Amino acid sequence: MTQGAEFGPGRRALLGAAVLGASGAALGFSGTAQAAEPVRRGDGHGGPAYKRLPVPTVVAHRGASGYRPEHTLGSYQLALDMGAHVIEQDLVPTKDGHLVCRHENDITGTTDVADHPEFTARKTTKTVDGVKLTGWFTEDFTLAELKTLRAKERIPAVRQRNTIYDGRWQIPTFEEVLRWAEKEGRKRDRPVWLHVETKHPTYFRGLGLGLEEPLARLLRKYGRHTTNSPTFLQSFEPSSMQRMAKLVSGPRVVLLGAATDRPWDFVQSGDPRTVADLVKPEGLKWISSYAQGIGPTLDLVIPRDASGKLGKPTTLVRDAHARGLVLHPYTARNENAFLPADFRKGTDQTAYGDVFAAFRTYFATGIDGIFSDNPDTALLAAADHRAS
């Protein structure tokens, strides 16, 4: 998730302030804390399974990435143990066609690849979705080669404590995550919900490494291909979700970046529309023809002014709900560096701000859920919201 600039080598640009902090938990049934949480009002038990998730739904962004290196089994496990309703995976391919969990195909900042002399010659410069990047890329490695690497914290300057886990976990394949979710679901007697993103699908299709077909095969293999399967599918490229709609029946979410952004598949096909067009009623009507939800940046829900403070909420929540779409905005984080200016405490960018006040403000707009790096914080905030 999270298109565009962030701290660290992911997109190489330093973000001054993004958004708050927290994460989520898997849908609960028998005897868990989540079992007592209310389902979406009015849906009872007759609607699609995703509409029976607790509201607000807490989606663990890349796992519990506020506490463990992102997209590792350690991060996913901690998020699930904290009670996250849904756990997110971002998928990119290997040279030999396996799907692995990385936020980007550029693994320079999330693995120890630079410490492996045998891969020095693999360092290269590529243009991915119009952005020039220099580093190491998953599509240049076989799965066996990637498995010799170890994951590390992506933004050590902000999350120094997470660096003690550097080297502890490998890069997981998506199939390993599916097996993990199956095992954990049996242990808890309830499904483990996943939120699965296809990363740069047009770019990879051009390399002969299309994501949708192998993803659909894995979903069918593990019984996650039906309407009520506990799996959201998501992408910043609408055409990827249109493809998935022809392959499997699970709920689909279109991710939306800044208002001025154009999805890369639109750029490639010559479609002139921007995100600003897609969040208008007509754009949302089009999205609702093949998807069940949107994942907008939180700034599309409540914009920030020139000082970085929150302004007046837009009509996006109302307009999306009018089209039957759920909203899972991104990304909530605890650190001052990512919070709107109204909710920062002090000047230390790595310190936690007034995240509960930020959550109250966002939840008051009527969003259906939120992506967060800190599931424990988000779950408490969601409970506060339901009790208010």
# chains A, B, ... in the order shown; residues from 1 in each chain; ligands from 1
$ residues_around --residues "Ser65 in chain A" --least-positions-apart "5" --cutoff "8 Å" --atoms "only C-alpha atoms" --output "mmCIF file with N, CA, C and O atoms, in the first residue's frame"
data_model
loop_
_atom_site.group_PDB
_atom_site.id
_atom_site.type_symbol
_atom_site.label_atom_id
_atom_site.label_comp_id
_atom_site.auth_asym_id
_atom_site.auth_seq_id
_atom_site.Cartn_x
_atom_site.Cartn_y
_atom_site.Cartn_z
ATOM 1 N N ALA A 60 -4.194 -3.999 9.420
ATOM 2 C CA ALA A 60 -2.788 -3.917 9.824
ATOM 3 C C ALA A 60 -1.937 -3.666 8.588
ATOM 4 O O ALA A 60 -1.746 -4.560 7.755
ATOM 5 N N GLU A 70 8.421 -4.478 8.190
ATOM 6 C CA GLU A 70 7.190 -4.707 7.438
ATOM 7 C C GLU A 70 7.259 -5.940 6.550
ATOM 8 O O GLU A 70 8.321 -6.366 6.110
ATOM 9 N N HIS A 71 6.072 -6.483 6.286
ATOM 10 C CA HIS A 71 5.922 -7.639 5.398
ATOM 11 C C HIS A 71 6.863 -8.777 5.768
ATOM 12 O O HIS A 71 7.594 -9.326 4.933
ATOM 13 N N SER A 75 5.861 -9.582 11.567
ATOM 14 C CA SER A 75 4.972 -8.427 11.558
ATOM 15 C C SER A 75 3.509 -8.858 11.443
ATOM 16 O O SER A 75 2.630 -8.332 12.137
ATOM 17 N N ASP A 373 -0.241 1.302 10.961
ATOM 18 C CA ASP A 373 0.986 0.579 11.306
ATOM 19 C C ASP A 373 0.962 0.072 12.743
ATOM 20 O O ASP A 373 1.793 -0.760 13.111
ATOM 21 N N ASN A 374 0.054 0.599 13.553
ATOM 22 C CA ASN A 374 0.018 0.306 14.988
ATOM 23 C C ASN A 374 -1.341 -0.266 15.368
ATOM 24 O O ASN A 374 -2.227 0.458 15.841
#
$ select_by_dssp --residues "range 30-196 of chain A" --states "strand (DSSP E)" --output "JSON, numbers by chain"
{"A": [57, 58, 59, 60, 86, 87, 88, 89, 90, 91, 92, 93, 99, 100, 101, 124, 125, 126, 127, 128, 131, 132, 133, 134, 135, 193, 194, 195, 196]}
$ write_last_selection --atoms "N, CA and C atoms" --output "short mmCIF file (atom, residue, chain, number, x, y, z; two decimals), in the first residue's frame"
data_model
loop_
_atom_site.label_atom_id
_atom_site.label_comp_id
_atom_site.auth_asym_id
_atom_site.auth_seq_id
_atom_site.Cartn_x
_atom_site.Cartn_y
_atom_site.Cartn_z
N THR A 57 -13.23 -0.99 10.75
CA THR A 57 -12.33 -2.12 10.55
C THR A 57 -10.89 -1.63 10.63
N VAL A 58 -10.07 -2.36 11.36
CA VAL A 58 -8.66 -2.01 11.49
C VAL A 58 -7.84 -2.95 10.62
N VAL A 59 -7.16 -2.38 9.62
CA VAL A 59 -6.32 -3.15 8.70
C VAL A 59 -4.86 -2.93 9.09
N ALA A 60 -4.19 -4.00 9.42
CA ALA A 60 -2.79 -3.92 9.82
C ALA A 60 -1.94 -3.67 8.59
N VAL A 86 -7.88 -7.29 9.86
CA VAL A 86 -7.40 -7.67 8.53
C VAL A 86 -5.89 -7.40 8.49
N ILE A 87 -5.14 -8.28 7.80
CA ILE A 87 -3.70 -8.12 7.67
C ILE A 87 -3.37 -7.87 6.20
N GLU A 88 -2.56 -6.83 5.92
CA GLU A 88 -2.27 -6.47 4.54
C GLU A 88 -0.99 -7.11 4.01
N GLN A 89 -1.03 -7.50 2.72
CA GLN A 89 0.15 -7.94 1.98
C GLN A 89 0.24 -7.15 0.67
N ASP A 90 1.45 -6.75 0.29
CA ASP A 90 1.73 -6.20 -1.03
C ASP A 90 2.49 -7.26 -1.81
N LEU A 91 2.10 -7.49 -3.06
CA LEU A 91 2.69 -8.58 -3.84
C LEU A 91 3.50 -8.08 -5.03
N VAL A 92 4.70 -8.63 -5.16
CA VAL A 92 5.55 -8.42 -6.33
C VAL A 92 6.10 -9.78 -6.75
N PRO A 93 6.53 -9.94 -8.02
CA PRO A 93 6.98 -11.25 -8.48
C PRO A 93 8.50 -11.42 -8.43
N LEU A 99 5.09 -15.15 -6.26
CA LEU A 99 4.63 -13.91 -5.65
C LEU A 99 5.18 -13.81 -4.23
N VAL A 100 5.86 -12.71 -3.94
CA VAL A 100 6.44 -12.50 -2.62
C VAL A 100 5.89 -11.20 -2.03
N CYS A 101 5.99 -11.08 -0.73
CA CYS A 101 5.41 -9.94 -0.01
C CYS A 101 6.47 -8.88 0.25
N THR A 124 21.04 -2.05 -10.23
CA THR A 124 20.75 -1.46 -11.54
C THR A 124 19.82 -0.27 -11.38
N THR A 125 19.60 0.45 -12.45
CA THR A 125 18.66 1.57 -12.46
C THR A 125 17.49 1.24 -13.38
N LYS A 126 16.29 1.41 -12.87
CA LYS A 126 15.08 1.12 -13.63
C LYS A 126 14.10 2.27 -13.48
N THR A 127 13.18 2.34 -14.40
CA THR A 127 12.06 3.28 -14.29
C THR A 127 10.80 2.47 -14.06
N VAL A 128 10.21 2.64 -12.89
CA VAL A 128 9.01 1.91 -12.50
C VAL A 128 7.86 2.92 -12.37
N VAL A 131 8.97 6.47 -12.37
CA VAL A 131 9.91 6.90 -11.34
C VAL A 131 11.24 6.15 -11.53
N LYS A 132 12.34 6.90 -11.63
CA LYS A 132 13.66 6.30 -11.82
C LYS A 132 14.23 5.88 -10.47
N LEU A 133 14.61 4.62 -10.35
CA LEU A 133 15.11 4.06 -9.11
C LEU A 133 16.40 3.28 -9.36
N THR A 134 17.32 3.37 -8.42
CA THR A 134 18.55 2.58 -8.49
C THR A 134 18.61 1.67 -7.28
N GLY A 135 18.78 0.38 -7.52
CA GLY A 135 18.84 -0.57 -6.43
C GLY A 135 18.76 -1.99 -6.93
N TRP A 193 -8.48 -12.67 8.02
CA TRP A 193 -8.73 -11.81 6.86
C TRP A 193 -7.43 -11.21 6.34
N LEU A 194 -7.31 -11.17 5.01
CA LEU A 194 -6.14 -10.60 4.35
C LEU A 194 -6.60 -9.46 3.42
N HIS A 195 -5.70 -8.51 3.18
CA HIS A 195 -5.96 -7.38 2.27
C HIS A 195 -4.77 -7.35 1.32
N VAL A 196 -4.96 -7.83 0.08
CA VAL A 196 -3.85 -8.19 -0.81
C VAL A 196 -3.76 -7.20 -1.98
#
$ atom_distance --atom1 "CA of Lys285 in chain A" --atom2 "CA of Thr365 in chain A"
20.4 Å
$ residues_around --residues "range 286-297 of chain A" --least-positions-apart "5" --cutoff "9 Å" --atoms "only C-alpha atoms" --output "ChimeraX atom specification"
/A:2,234-236,238,241-242,245,251-258,278-279,281,320,323-331,370-371
$ select_by_dssp --residues "range 75-117 of chain A" --states "alpha helix (DSSP H)" --output "PDB file with C-alpha atoms, in the first residue's frame"
ATOM      1  CA  SER A  75       4.972  -8.427  11.558  1.00  0.00           C
ATOM      2  CA  TYR A  76       1.874 -10.330  10.430  1.00  0.00           C
ATOM      3  CA  GLN A  77       1.854 -12.528  13.527  1.00  0.00           C
ATOM      4  CA  LEU A  78       2.134  -9.596  15.914  1.00  0.00           C
ATOM      5  CA  ALA A  79      -0.711  -7.795  14.138  1.00  0.00           C
ATOM      6  CA  LEU A  80      -2.912 -10.866  14.398  1.00  0.00           C
ATOM      7  CA  ASP A  81      -2.006 -11.404  18.063  1.00  0.00           C
ATOM      8  CA  MET A  82      -2.893  -7.761  18.764  1.00  0.00           C
TER       9      MET A  82
END
$ residues_around --residues "Phe119 in chain A" --least-positions-apart "6" --cutoff "12 Å" --atoms "only C-alpha atoms" --output "list in words"
Thr108, Asp112, Val113, Gly135, Trp136, Phe137, Thr138, Asp140, Phe141, Thr142, Glu145, Leu146, Thr148 and Leu149 of chain A
$ atom_distance --atom1 "CA of Ala358 in chain A" --atom2 "CA of Asp342 in chain A"
8.4 Å
$ closest_atom_pairs --of "range 110-210 of chain A" --to "range 265-275 of chain A" --cutoff "12 Å" --atoms "only C-alpha atoms" --output "CSV"
residue,atom,partner,partner_atom,distance
A:Asp129,CA,A:Asp265,CA,9.0
A:Gly130,CA,A:Val267,CA,9.5
A:Lys199,CA,A:Asp265,CA,11.8
A:His200,CA,A:Asp265,CA,9.0
A:Pro201,CA,A:Asp265,CA,8.4
A:Thr202,CA,A:Asp265,CA,6.2
A:Tyr203,CA,A:Asp265,CA,8.9
A:Phe204,CA,A:Asp265,CA,11.6
A:Arg205,CA,A:Asp265,CA,10.9
A:Gly206,CA,A:Gln268,CA,11.0
$ residues_around --residues "Arg68 in chain A" --least-positions-apart "5" --cutoff "8 Å" --atoms "only C-alpha atoms" --output "MDAnalysis selection string"
chainID A and resid 74:75 153 162 165
